[in-house]
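J.: First the structure, which I've put down as structure tokens, then a few questions once you've had a look.
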2 protein chains.
Amino acid sequence: MQKIRSGTLAALLLGSIFTPSLSLAAPADSDAIREAALKDDVAWNFTEGLTTEVGPRPAGTPQEARARDWAVAKLKALGFSNVRAEPYTMPVWLRGRDEARILSPFPQNLVLAALGNSGSTSDKGIEGEIVYFPSIDALEAAPAASLKGKIAFVDHGMGATQDGSSYGYYGAARRQGPSIASKKGAIAILIRSIGTDHHRVPHTGVQMWADGATPIPAAALSVPDAEQLVRIVKRGEPVKVHLTLTSRMLKDQPSGNVIAEIPGSDPAAGVVVAACHLDSWDQGTGAIDDATGCGIAAASALQVAKAGQPRRTIRVLMAGAEEVGGDGARAYFKAHGAERHALAMESDFGADRVWRVDFKLPQGHDDLAKRIAVALAPLGVGAGRQEAGGGADIAPLVKAGVPVIDLQQDGTRYFDLHHTPDDTLDKVDPEQLRQNVAAWAVTLNLVANASESMSAN
Amino acid sequence: MQKIRSGTLAALLLGSIFTPSLSLAAPADSDAIREAALKDDVAWNFTEGLTTEVGPRPAGTPQEARARDWAVAKLKALGFSNVRAEPYTMPVWLRGRDEARILSPFPQNLVLAALGNSGSTSDKGIEGEIVYFPSIDALEAAPAASLKGKIAFVDHGMGATQDGSSYGYYGAARRQGPSIASKKGAIAILIRSIGTDHHRVPHTGVQMWADGATPIPAAALSVPDAEQLVRIVKRGEPVKVHLTLTSRMLKDQPSGNVIAEIPGSDPAAGVVVAACHLDSWDQGTGAIDDATGCGIAAASALQVAKAGQPRRTIRVLMAGAEEVGGDGARAYFKAHGAERHALAMESDFGADRVWRVDFKLPQGHDDLAKRIAVALAPLGVGAGRQEAGGGADIAPLVKAGVPVIDLQQDGTRYFDLHHTPDDTLDKVDPEQLRQNVAAWAVTLNLVANASESMSAN
């Protein structure tokens, strides 16, 4: 367990544990809710069920539709109110064959996975010579048209961090690399997986073509394959690769969000959104990304309900299509953005223990933040100094000014598994999952029952 | 580092460190050789080169032929004498497509790898219902013909051990399971990988059809996939699976052994064989199985040579076709079995640190065993009480009565990687590899220079 971090807010909090104002509202409730939630089985059962009975569920596919049906039935069975799917349509990219072979100087296969929205080769594939770039910055610095007819290879190796913050910088190889390579004339791009493991499981993920960039085949090599290709490139001979990456695009496929509520006693007090995403990438069963997030959101809402009807409605949002661009989040905002939202929270970073809480609350709500931090402290969760930012499923709400709290999960091993075939149930630690449910439950309870307005005025 | 184990021989050895006889022969040499070998780069360079410049090298394929060419060139460059390939021919099983999909009740793909000598489906595959067996024993107990038209699934889960001893019992699911299932009428068999990891990397391996068993498609599911299938089976509904496992057999393909020598001063004293195998399975680059073994054998022989010409010739045997039945070992014995062999050793269990030495020496050679144990002790290697048994590459020699010493590697993580796509260079620890070279070098040096006869008379 982790001590509360030093820092301005944390110091304030530690000081204020002993002030009488804190004993007013929730501590007793928080203790009971936390202890009950530490015995929770709902989150595990939800995660086990979704990953086993549905498995992979890429956005806009029949598997995602099965996930919606499964979730609606499950949430009804768990006793939620107003359970429903809210459909929309979207374009869908579908993986085909992912094959690569070094032709020379040292013939051998490479393990890789096409990135979302990758261009497709023909069934016969393409051949080209590798041009090596140690980083995305080196690719960006390459002269215009210098990659004409070549296959760019970007070796941009990320290390593990607890807060996952490296993903922003290193992830650029996946997000921007393909467009940059295409604009410089490359016929394809290979990147080192944006991952921190050493297994032959490539990390896929979405990328969007920039304006003016022609789609080209784009794929991530597993980390051992990327390191192998680096060793071969560094021998100094030209490296020729054959690539077969077949994929296709479909228009207007059905996707949708699933919504379920714990109705509050005071409809005017605004809704507390507990978000996750129901879709997953296609290669794993989406256990840590994001079945656990949905399990945590649902289980913690139920833990609050068990303690009595909350003042505010808690709305669980299981978004569709998070992985491929946030269509579900936009559809939710279009349908519900005009409603009063008191708070939004999202769980989409696995289910290793929550170690830090970050806030973005309206002015005048410091006491609520203190109550929450005090209630989280026995779980080893310290208050951070960063402003909370939410995630993709609540991004439109956050952008519109809805308050947000982040319960930061330990991401040290998250990018070992993220977007790989290895994202499977066996990677979930049931004890840490329960700690997540407990952290969420005490937080949701305090916000849903807060006497504060949750608005700046 | 590990203390010498308690036990009869170990106790004797510890007692005898202080007897004058031990100070006669080798300690000074052993110290110098051990210290030099702990700085060895040859084993790493060999392993890095073979896995990078050749990569996967299944027996009887052009890749294995490239490995022989590579090894011959490398061993000549390292200064060995009498370097040559010794060819033979053999039948070859070649992997095709390995695909599996649960059709009902919960449609999803499974990751698996066909086992060596698996029967082939047509390109369209086959369908069948799963019959679950928790162990190989349960499969064996199933009534005759009870699997007619079904797909057997054997979930025989092995745990990690330092000495790898569980492989014998649990490996039976792979070695005998297919023949048993076939004889009971199964149309195919799936086994849980004989592996101790939790990654989507299935463990292949050879199996031979028993007399009277018709070849059927036979494959190993990755451990997470096997666990997923167990969860689905335990839901209680019939589980229907579609399998596509295409493979083919070729007759009379070229394979071969590679041999290299450090010539001894006394040809009549017999040859010391340092064996490993050059072939690998097809999915990884055969780093721990068995590029490191060949690196260790070559590097340690060179460390001995650096200290002066040994009495006995040290012959490095890099066998072909170990993975698929030991054709290389048999070819070596056919060509060289009549020569005088003073000792055989083999490295084929990765390159994590050597932790135990086992002996099978002729009567009257206890003092040599003591000298070796004393020389190994500073490396944390204790003398065991088991009789040494060698491995597949020297099995015909051992069977014919050639003395053998086993330097037992720590196998705790060996079966995380064994026969999977994950058997790649990044799994090799250079420091532990050097400890292996040092253990081998002091042992080879003492045996090659021993004044003893190395025979019982």
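Labels for the structure tokens follow display order: chains A, B, ..., residues from 1 in each chain, ligands from 1.
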Provide as number ranges by chain the residues of chain B at most 8 Å from chain A, counting only C-alpha atoms.

T.: B: 52-56, 105-108, 198-201, 224, 228, 231-232, 421-422, 424-426

J.: Just the selected residues (N, CA, C and O atoms), exported as a short mmCIF file (atom, residue, chain, number, x, y, z; two decimals), in the first residue's frame, please.

T.:
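To be explicit, this is the file written out as out.cif:
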data_model
loop_
_atom_site.label_atom_id
_atom_site.label_comp_id
_atom_site.auth_asym_id
_atom_site.auth_seq_id
_atom_site.Cartn_x
_atom_site.Cartn_y
_atom_site.Cartn_z
N THR B 52 19.95 -14.62 -35.29
CA THR B 52 19.68 -13.44 -36.12
C THR B 52 19.87 -13.76 -37.60
O THR B 52 19.01 -13.44 -38.43
N GLU B 53 20.99 -14.38 -37.93
CA GLU B 53 21.35 -14.54 -39.35
C GLU B 53 20.71 -15.78 -39.97
O GLU B 53 20.63 -15.88 -41.19
N VAL B 54 20.31 -16.71 -39.15
CA VAL B 54 19.57 -17.88 -39.65
C VAL B 54 18.12 -17.83 -39.16
O VAL B 54 17.19 -17.95 -39.93
N GLY B 55 17.93 -17.61 -37.87
CA GLY B 55 16.57 -17.60 -37.32
C GLY B 55 16.04 -19.02 -37.17
O GLY B 55 16.80 -19.95 -36.86
N PRO B 56 14.74 -19.23 -37.40
CA PRO B 56 14.17 -20.57 -37.24
C PRO B 56 14.83 -21.55 -38.22
O PRO B 56 15.15 -21.18 -39.35
N PRO B 105 -20.93 -22.46 -28.02
CA PRO B 105 -21.96 -21.43 -27.87
C PRO B 105 -21.44 -20.00 -27.97
O PRO B 105 -22.24 -19.08 -28.11
N PHE B 106 -20.15 -19.77 -27.90
CA PHE B 106 -19.60 -18.41 -27.83
C PHE B 106 -18.54 -18.23 -28.91
O PHE B 106 -17.35 -18.45 -28.67
N PRO B 107 -18.96 -17.83 -30.13
CA PRO B 107 -18.03 -17.79 -31.27
C PRO B 107 -16.79 -16.93 -31.00
O PRO B 107 -16.92 -15.77 -30.60
N GLN B 108 -15.64 -17.48 -31.20
CA GLN B 108 -14.38 -16.73 -31.06
C GLN B 108 -13.23 -17.63 -31.53
O GLN B 108 -13.36 -18.85 -31.54
N HIS B 198 1.73 -17.72 -19.41
CA HIS B 198 0.34 -17.32 -19.69
C HIS B 198 0.33 -16.33 -20.85
O HIS B 198 -0.19 -15.22 -20.73
N HIS B 199 0.91 -16.73 -21.96
CA HIS B 199 0.89 -15.88 -23.14
C HIS B 199 0.24 -16.63 -24.29
O HIS B 199 0.13 -17.85 -24.26
N ARG B 200 -0.19 -15.86 -25.31
CA ARG B 200 -0.89 -16.49 -26.44
C ARG B 200 0.14 -17.06 -27.41
O ARG B 200 0.11 -16.79 -28.62
N VAL B 201 1.05 -17.83 -26.89
CA VAL B 201 2.10 -18.45 -27.71
C VAL B 201 2.06 -19.95 -27.47
O VAL B 201 2.54 -20.44 -26.45
N PRO B 224 -3.53 -19.50 -22.19
CA PRO B 224 -4.76 -18.72 -22.01
C PRO B 224 -5.93 -19.25 -22.84
O PRO B 224 -7.08 -19.20 -22.39
N GLN B 228 -9.48 -20.61 -21.45
CA GLN B 228 -10.74 -20.07 -21.99
C GLN B 228 -11.66 -21.22 -22.40
O GLN B 228 -12.86 -21.21 -22.09
N ARG B 231 -13.23 -22.81 -19.40
CA ARG B 231 -14.34 -22.01 -18.87
C ARG B 231 -15.60 -22.21 -19.69
O ARG B 231 -16.70 -22.32 -19.16
N ILE B 232 -15.41 -22.25 -21.01
CA ILE B 232 -16.58 -22.39 -21.90
C ILE B 232 -17.18 -23.78 -21.76
O ILE B 232 -18.40 -23.93 -21.64
N PRO B 421 6.79 -19.41 -30.19
CA PRO B 421 7.33 -18.26 -30.93
C PRO B 421 8.18 -17.36 -30.04
O PRO B 421 8.99 -16.58 -30.54
N ASP B 422 8.00 -17.48 -28.72
CA ASP B 422 8.72 -16.61 -27.78
C ASP B 422 10.16 -17.05 -27.51
O ASP B 422 10.85 -16.39 -26.73
N THR B 424 13.21 -16.53 -28.28
CA THR B 424 13.99 -15.55 -29.04
C THR B 424 15.14 -15.01 -28.18
O THR B 424 15.14 -15.19 -26.96
N LEU B 425 16.06 -14.32 -28.83
CA LEU B 425 17.31 -13.91 -28.20
C LEU B 425 17.13 -13.09 -26.93
O LEU B 425 17.92 -13.21 -25.98
N ASP B 426 16.09 -12.25 -26.91
CA ASP B 426 15.89 -11.37 -25.76
C ASP B 426 15.67 -12.15 -24.46
O ASP B 426 15.73 -11.57 -23.38
#

J.: Can you pull out every residue from range 32-168 of chain B that DSSP, working from the backbone, puts in helix (DSSP H, G or I), and format the result as a VMD selection string?

T.: chain B and resid 32 to 37 42 to 54 62 to 77 136 to 141 166 to 168

J.: Extract, using only C-alpha atoms, all DNA, RNA and protein residues at most 8 Å from Ala301 in chain B, discarding same-chain residues fewer than 2 positions from it, and format them as an mmCIF file with N, CA, C and O atoms, in the first residue's frame.

T.:
data_model
loop_
_atom_site.group_PDB
_atom_site.id
_atom_site.type_symbol
_atom_site.label_atom_id
_atom_site.label_comp_id
_atom_site.auth_asym_id
_atom_site.auth_seq_id
_atom_site.Cartn_x
_atom_site.Cartn_y
_atom_site.Cartn_z
ATOM 1 N N ILE B 262 38.775 -29.676 -31.048
ATOM 2 C CA ILE B 262 40.036 -29.243 -30.444
ATOM 3 C C ILE B 262 40.860 -30.525 -30.323
ATOM 4 O O ILE B 262 40.596 -31.359 -29.446
ATOM 5 N N ALA B 274 31.104 -32.752 -26.707
ATOM 6 C CA ALA B 274 30.316 -31.641 -26.151
ATOM 7 C C ALA B 274 29.189 -31.378 -27.136
ATOM 8 O O ALA B 274 29.408 -30.810 -28.205
ATOM 9 N N ALA B 297 28.759 -25.000 -25.790
ATOM 10 C CA ALA B 297 29.670 -26.092 -26.138
ATOM 11 C C ALA B 297 30.896 -25.558 -26.873
ATOM 12 O O ALA B 297 32.044 -25.901 -26.532
ATOM 13 N N ALA B 298 30.663 -24.689 -27.858
ATOM 14 C CA ALA B 298 31.788 -24.152 -28.635
ATOM 15 C C ALA B 298 32.670 -23.257 -27.776
ATOM 16 O O ALA B 298 33.912 -23.370 -27.784
ATOM 17 N N ALA B 299 32.049 -22.360 -27.028
ATOM 18 C CA ALA B 299 32.820 -21.393 -26.242
ATOM 19 C C ALA B 299 33.647 -22.088 -25.171
ATOM 20 O O ALA B 299 34.809 -21.727 -24.930
ATOM 21 N N GLN B 303 37.687 -22.180 -24.538
ATOM 22 C CA GLN B 303 38.308 -21.742 -23.280
ATOM 23 C C GLN B 303 39.339 -22.784 -22.821
ATOM 24 O O GLN B 303 40.405 -22.427 -22.308
ATOM 25 N N VAL B 304 39.026 -24.056 -23.010
ATOM 26 C CA VAL B 304 39.981 -25.109 -22.651
ATOM 27 C C VAL B 304 41.221 -25.023 -23.552
ATOM 28 O O VAL B 304 42.364 -25.070 -23.087
ATOM 29 N N ALA B 305 40.973 -24.852 -24.854
ATOM 30 C CA ALA B 305 42.084 -24.795 -25.810
ATOM 31 C C ALA B 305 43.021 -23.629 -25.511
ATOM 32 O O ALA B 305 44.248 -23.742 -25.661
ATOM 33 N N ILE B 314 38.571 -32.703 -27.812
ATOM 34 C CA ILE B 314 37.202 -32.270 -27.492
ATOM 35 C C ILE B 314 36.472 -32.103 -28.812
ATOM 36 O O ILE B 314 36.912 -31.349 -29.700
ATOM 37 N N VAL B 316 33.073 -30.986 -30.563
ATOM 38 C CA VAL B 316 31.769 -30.327 -30.467
ATOM 39 C C VAL B 316 30.857 -30.956 -31.506
ATOM 40 O O VAL B 316 31.188 -31.000 -32.697
ATOM 41 N N ALA B 441 33.520 -25.146 -19.131
ATOM 42 C CA ALA B 441 34.958 -25.083 -19.418
ATOM 43 C C ALA B 441 35.763 -25.809 -18.344
ATOM 44 O O ALA B 441 36.663 -26.593 -18.657
ATOM 45 N N LEU B 444 35.035 -29.652 -18.823
ATOM 46 C CA LEU B 444 35.708 -30.208 -20.011
ATOM 47 C C LEU B 444 37.213 -30.278 -19.799
ATOM 48 O O LEU B 444 37.872 -31.255 -20.168
#

J.: Hey, what's within 9 Å of Lys360 in chain A if we count only C-alpha atoms and toss same-chain stuff fewer than 2 positions away? As a list of chain:residue names, please?

T.: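 With the cut-off at 9 Å, the set is A:Asp358, A:Pro362, A:Gln386, A:Glu387, A:Ala388, A:Gly389, A:Val402, A:Pro403, A:Val404, A:Ile405, A:Asp406.
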
J.: Mind dumping the selected residues with N, CA, C and O atoms as a PDB file, in the first residue's frame?

T.:
ATOM      1  N   ASP A 358      -7.018  12.139  -8.824  1.00  0.00           N
ATOM      2  CA  ASP A 358      -6.888  13.510  -9.336  1.00  0.00           C
ATOM      3  C   ASP A 358      -8.282  14.102  -9.483  1.00  0.00           C
ATOM      4  O   ASP A 358      -9.242  13.402  -9.800  1.00  0.00           O
ATOM      5  N   PRO A 362     -15.548  21.978  -9.546  1.00  0.00           N
ATOM      6  CA  PRO A 362     -15.816  23.415  -9.617  1.00  0.00           C
ATOM      7  C   PRO A 362     -15.221  24.134  -8.403  1.00  0.00           C
ATOM      8  O   PRO A 362     -15.013  23.520  -7.351  1.00  0.00           O
ATOM      9  N   GLN A 386      -2.060  16.715 -10.093  1.00  0.00           N
ATOM     10  CA  GLN A 386      -2.457  16.971 -11.486  1.00  0.00           C
ATOM     11  C   GLN A 386      -3.951  17.208 -11.569  1.00  0.00           C
ATOM     12  O   GLN A 386      -4.716  16.652 -10.792  1.00  0.00           O
ATOM     13  N   GLU A 387      -4.357  17.975 -12.567  1.00  0.00           N
ATOM     14  CA  GLU A 387      -5.785  18.148 -12.812  1.00  0.00           C
ATOM     15  C   GLU A 387      -6.296  16.879 -13.486  1.00  0.00           C
ATOM     16  O   GLU A 387      -5.667  16.365 -14.409  1.00  0.00           O
ATOM     17  N   ALA A 388      -7.448  16.384 -13.052  1.00  0.00           N
ATOM     18  CA  ALA A 388      -8.056  15.221 -13.681  1.00  0.00           C
ATOM     19  C   ALA A 388      -8.433  15.552 -15.120  1.00  0.00           C
ATOM     20  O   ALA A 388      -8.791  16.683 -15.433  1.00  0.00           O
ATOM     21  N   GLY A 389      -8.358  14.532 -15.984  1.00  0.00           N
ATOM     22  CA  GLY A 389      -8.642  14.775 -17.395  1.00  0.00           C
ATOM     23  C   GLY A 389      -9.632  13.812 -18.007  1.00  0.00           C
ATOM     24  O   GLY A 389     -10.078  14.008 -19.127  1.00  0.00           O
ATOM     25  N   VAL A 402     -17.958  19.458 -17.718  1.00  0.00           N
ATOM     26  CA  VAL A 402     -18.449  18.595 -16.637  1.00  0.00           C
ATOM     27  C   VAL A 402     -17.282  18.274 -15.692  1.00  0.00           C
ATOM     28  O   VAL A 402     -16.188  17.946 -16.159  1.00  0.00           O
ATOM     29  N   PRO A 403     -17.477  18.373 -14.365  1.00  0.00           N
ATOM     30  CA  PRO A 403     -16.420  18.009 -13.417  1.00  0.00           C
ATOM     31  C   PRO A 403     -15.993  16.556 -13.599  1.00  0.00           C
ATOM     32  O   PRO A 403     -16.788  15.723 -14.058  1.00  0.00           O
ATOM     33  N   VAL A 404     -14.758  16.269 -13.211  1.00  0.00           N
ATOM     34  CA  VAL A 404     -14.229  14.916 -13.438  1.00  0.00           C
ATOM     35  C   VAL A 404     -13.277  14.531 -12.306  1.00  0.00           C
ATOM     36  O   VAL A 404     -12.571  15.381 -11.750  1.00  0.00           O
ATOM     37  N   ILE A 405     -13.310  13.273 -11.942  1.00  0.00           N
ATOM     38  CA  ILE A 405     -12.356  12.702 -10.988  1.00  0.00           C
ATOM     39  C   ILE A 405     -11.706  11.499 -11.656  1.00  0.00           C
ATOM     40  O   ILE A 405     -12.399  10.678 -12.260  1.00  0.00           O
ATOM     41  N   ASP A 406     -10.378  11.412 -11.554  1.00  0.00           N
ATOM     42  CA  ASP A 406      -9.648  10.256 -12.091  1.00  0.00           C
ATOM     43  C   ASP A 406      -9.136   9.396 -10.940  1.00  0.00           C
ATOM     44  O   ASP A 406      -8.388   9.893 -10.082  1.00  0.00           O
TER      45      ASP A 406
END

J.: Using only C-alpha atoms, which of the listed residues (A:Gln253, A:Asn45, A:Ser193, A:Thr89) sits closest to Leu433 in chain A?

T.: A:Asn45

J.: DSSP says strand (DSSP E) for which residues of range 123-309 of chain B? Put them as JSON, numbers by chain?

T.: {"B": [126, 127, 128, 129, 130, 131, 132, 133, 151, 152, 153, 154, 188, 189, 190, 191, 192, 218, 219, 220, 221, 240, 241, 242, 243, 244, 245, 246, 247, 248, 249, 250, 251, 252, 253, 254, 255, 256, 257, 258, 259, 260, 261, 262, 271, 272, 273, 274, 275, 276, 277]}

J.: Can you list every residue of range 221-305 of chain B that has an atom at most 10 Å from range 129-134 of chain B, with its nearest atom pair and the distance in Å to one decimal, using only C-alpha atoms, ordered by chain then number, as CSV?

T.:
residue,atom,partner,partner_atom,distance
B:Leu229,CA,B:Tyr132,CA,9.4
B:Val230,CA,B:Tyr132,CA,8.0
B:Val233,CA,B:Tyr132,CA,7.4
B:Lys234,CA,B:Tyr132,CA,9.2
B:Pro238,CA,B:Glu129,CA,6.8
B:Val239,CA,B:Glu129,CA,5.6
B:Lys240,CA,B:Glu129,CA,4.4
B:Val241,CA,B:Glu129,CA,6.2
B:His242,CA,B:Glu129,CA,9.0

J.: Export all heavy atoms of the chosen residues as a PDB file, in the first residue's frame?

T.:
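Final output, saved to part_24.pdb:
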ATOM      1  N   LEU B 229     -11.105 -22.201 -23.084  1.00  0.00           N
ATOM      2  CA  LEU B 229     -11.924 -23.330 -23.530  1.00  0.00           C
ATOM      3  C   LEU B 229     -12.469 -24.108 -22.326  1.00  0.00           C
ATOM      4  O   LEU B 229     -13.624 -24.560 -22.339  1.00  0.00           O
ATOM      5  CB  LEU B 229     -11.117 -24.229 -24.466  1.00  0.00           C
ATOM      6  CG  LEU B 229     -11.882 -25.373 -25.151  1.00  0.00           C
ATOM      7  CD1 LEU B 229     -13.146 -24.889 -25.859  1.00  0.00           C
ATOM      8  CD2 LEU B 229     -10.973 -26.102 -26.140  1.00  0.00           C
ATOM      9  N   VAL B 230     -11.680 -24.242 -21.282  1.00  0.00           N
ATOM     10  CA  VAL B 230     -12.173 -24.911 -20.059  1.00  0.00           C
ATOM     11  C   VAL B 230     -13.364 -24.136 -19.492  1.00  0.00           C
ATOM     12  O   VAL B 230     -14.400 -24.723 -19.153  1.00  0.00           O
ATOM     13  CB  VAL B 230     -11.059 -25.021 -18.996  1.00  0.00           C
ATOM     14  CG1 VAL B 230     -11.644 -25.505 -17.667  1.00  0.00           C
ATOM     15  CG2 VAL B 230      -9.967 -25.968 -19.466  1.00  0.00           C
ATOM     16  N   VAL B 233     -16.330 -24.808 -21.739  1.00  0.00           N
ATOM     17  CA  VAL B 233     -16.825 -26.182 -21.560  1.00  0.00           C
ATOM     18  C   VAL B 233     -17.616 -26.290 -20.258  1.00  0.00           C
ATOM     19  O   VAL B 233     -18.682 -26.913 -20.205  1.00  0.00           O
ATOM     20  CB  VAL B 233     -15.638 -27.170 -21.565  1.00  0.00           C
ATOM     21  CG1 VAL B 233     -16.058 -28.519 -20.993  1.00  0.00           C
ATOM     22  CG2 VAL B 233     -15.078 -27.334 -22.982  1.00  0.00           C
ATOM     23  N   LYS B 234     -17.097 -25.653 -19.217  1.00  0.00           N
ATOM     24  CA  LYS B 234     -17.734 -25.793 -17.890  1.00  0.00           C
ATOM     25  C   LYS B 234     -19.070 -25.059 -17.789  1.00  0.00           C
ATOM     26  O   LYS B 234     -19.802 -25.258 -16.813  1.00  0.00           O
ATOM     27  CB  LYS B 234     -16.759 -25.376 -16.797  1.00  0.00           C
ATOM     28  CG  LYS B 234     -15.588 -26.375 -16.729  1.00  0.00           C
ATOM     29  CD  LYS B 234     -14.834 -26.409 -15.427  1.00  0.00           C
ATOM     30  CE  LYS B 234     -13.905 -27.636 -15.426  1.00  0.00           C
ATOM     31  NZ  LYS B 234     -12.920 -27.636 -14.347  1.00  0.00           N
ATOM     32  N   PRO B 238     -22.984 -27.863 -25.232  1.00  0.00           N
ATOM     33  CA  PRO B 238     -22.057 -28.479 -26.186  1.00  0.00           C
ATOM     34  C   PRO B 238     -21.174 -27.415 -26.841  1.00  0.00           C
ATOM     35  O   PRO B 238     -21.676 -26.335 -27.188  1.00  0.00           O
ATOM     36  CB  PRO B 238     -22.983 -29.118 -27.226  1.00  0.00           C
ATOM     37  CG  PRO B 238     -24.318 -29.211 -26.569  1.00  0.00           C
ATOM     38  CD  PRO B 238     -24.392 -28.087 -25.572  1.00  0.00           C
ATOM     39  N   VAL B 239     -19.905 -27.703 -26.981  1.00  0.00           N
ATOM     40  CA  VAL B 239     -18.963 -26.748 -27.572  1.00  0.00           C
ATOM     41  C   VAL B 239     -18.506 -27.293 -28.916  1.00  0.00           C
ATOM     42  O   VAL B 239     -17.903 -28.373 -28.998  1.00  0.00           O
ATOM     43  CB  VAL B 239     -17.743 -26.511 -26.651  1.00  0.00           C
ATOM     44  CG1 VAL B 239     -16.774 -25.533 -27.296  1.00  0.00           C
ATOM     45  CG2 VAL B 239     -18.208 -26.003 -25.290  1.00  0.00           C
ATOM     46  N   LYS B 240     -18.802 -26.532 -29.966  1.00  0.00           N
ATOM     47  CA  LYS B 240     -18.475 -26.969 -31.322  1.00  0.00           C
ATOM     48  C   LYS B 240     -17.317 -26.116 -31.849  1.00  0.00           C
ATOM     49  O   LYS B 240     -17.349 -24.886 -31.739  1.00  0.00           O
ATOM     50  CB  LYS B 240     -19.712 -26.796 -32.203  1.00  0.00           C
ATOM     51  CG  LYS B 240     -19.754 -27.746 -33.372  1.00  0.00           C
ATOM     52  CD  LYS B 240     -21.144 -27.755 -33.984  1.00  0.00           C
ATOM     53  CE  LYS B 240     -21.105 -28.356 -35.362  1.00  0.00           C
ATOM     54  NZ  LYS B 240     -22.391 -28.197 -36.047  1.00  0.00           N
ATOM     55  N   VAL B 241     -16.335 -26.780 -32.424  1.00  0.00           N
ATOM     56  CA  VAL B 241     -15.113 -26.090 -32.860  1.00  0.00           C
ATOM     57  C   VAL B 241     -14.835 -26.401 -34.323  1.00  0.00           C
ATOM     58  O   VAL B 241     -15.059 -27.535 -34.785  1.00  0.00           O
ATOM     59  CB  VAL B 241     -13.915 -26.526 -31.979  1.00  0.00           C
ATOM     60  CG1 VAL B 241     -12.591 -26.089 -32.575  1.00  0.00           C
ATOM     61  CG2 VAL B 241     -14.059 -25.971 -30.563  1.00  0.00           C
ATOM     62  N   HIS B 242     -14.374 -25.391 -35.049  1.00  0.00           N
ATOM     63  CA  HIS B 242     -13.890 -25.569 -36.418  1.00  0.00           C
ATOM     64  C   HIS B 242     -12.363 -25.501 -36.404  1.00  0.00           C
ATOM     65  O   HIS B 242     -11.783 -24.570 -35.834  1.00  0.00           O
ATOM     66  CB  HIS B 242     -14.454 -24.480 -37.330  1.00  0.00           C
ATOM     67  CG  HIS B 242     -14.106 -24.699 -38.776  1.00  0.00           C
ATOM     68  ND1 HIS B 242     -12.933 -24.251 -39.324  1.00  0.00           N
ATOM     69  CD2 HIS B 242     -14.775 -25.335 -39.762  1.00  0.00           C
ATOM     70  CE1 HIS B 242     -12.902 -24.602 -40.604  1.00  0.00           C
ATOM     71  NE2 HIS B 242     -14.013 -25.254 -40.898  1.00  0.00           N
TER      72      HIS B 242
END

J.: Can you pull out the residues contacting range 72-83 of chain A? Cut-off 8 Å, using only C-alpha atoms, and skip same-chain residues under 4 positions away; I want them as a list in words.

T.: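 The residues that qualify are Phe46, Arg68, Val258, Ile259, Ala260, Glu261, Ile262, Pro263 and Ala298 of chain A.
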
J.: Print the selection's residues with C-alpha atoms to a file, as a PDB file, in the first residue's frame.

T.:
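Listing of part_39.pdb after writing:
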ATOM      1  CA  PHE A  46     -18.762  -9.294 -15.138  1.00  0.00           C
ATOM      2  CA  ARG A  68     -24.315  -5.138 -26.084  1.00  0.00           C
ATOM      3  CA  VAL A 258     -25.185   0.522 -23.251  1.00  0.00           C
ATOM      4  CA  ILE A 259     -26.606   2.557 -20.395  1.00  0.00           C
ATOM      5  CA  ALA A 260     -27.842   1.470 -16.952  1.00  0.00           C
ATOM      6  CA  GLU A 261     -28.857   3.559 -13.970  1.00  0.00           C
ATOM      7  CA  ILE A 262     -29.155   3.671 -10.203  1.00  0.00           C
ATOM      8  CA  PRO A 263     -31.904   6.346 -10.043  1.00  0.00           C
ATOM      9  CA  ALA A 298     -21.137  -1.543 -12.631  1.00  0.00           C
TER      10      ALA A 298
END

J.: Can you check which parts of range 116-144 of chain A lie within 12 Å of range 217-222 of chain A? Per residue, the shortest pair of atoms and distance in Å to one decimal, counting only C-alpha atoms, sorted by chain and number, as a tab-separated table.

T.:
residue	atom	partner	partner_atom	distance
A:Gly116	CA	A:Ala218	CA	8.4
A:Asn117	CA	A:Ala218	CA	8.4
A:Ser118	CA	A:Ala218	CA	5.1
A:Gly119	CA	A:Pro217	CA	4.2
A:Ser120	CA	A:Pro217	CA	5.4
A:Thr121	CA	A:Pro217	CA	6.5
A:Ser122	CA	A:Pro217	CA	10.3
A:Gly125	CA	A:Pro217	CA	10.0
A:Ile126	CA	A:Pro217	CA	9.5
A:Glu127	CA	A:Pro217	CA	11.6
A:Gly128	CA	A:Pro217	CA	11.9

J.: Which residues are close to range 148-159 of chain B, i.e. within 8 Å by only C-alpha atoms, leaving aside same-chain residues fewer than 3 positions away? Reply as an MDAnalysis selection string.

T.: chainID B and resid 128:136 139 145 166:167 170 173 177 181 184:196 226 230

J.: I want to know what sits within 6 Å of range 318-330 of chain B, based on only C-alpha atoms, with residues of the same chain fewer than 5 positions away left out; could you give that as a PyMOL selection string?

T.: chain B and resi 59+206+256-258+275-279+393

J.: I need the residue nearest His419 in chain B from this list: B:His203, B:Arg311, B:Lys334, B:His365. Use only C-alpha atoms for the distance.

T.: B:His203
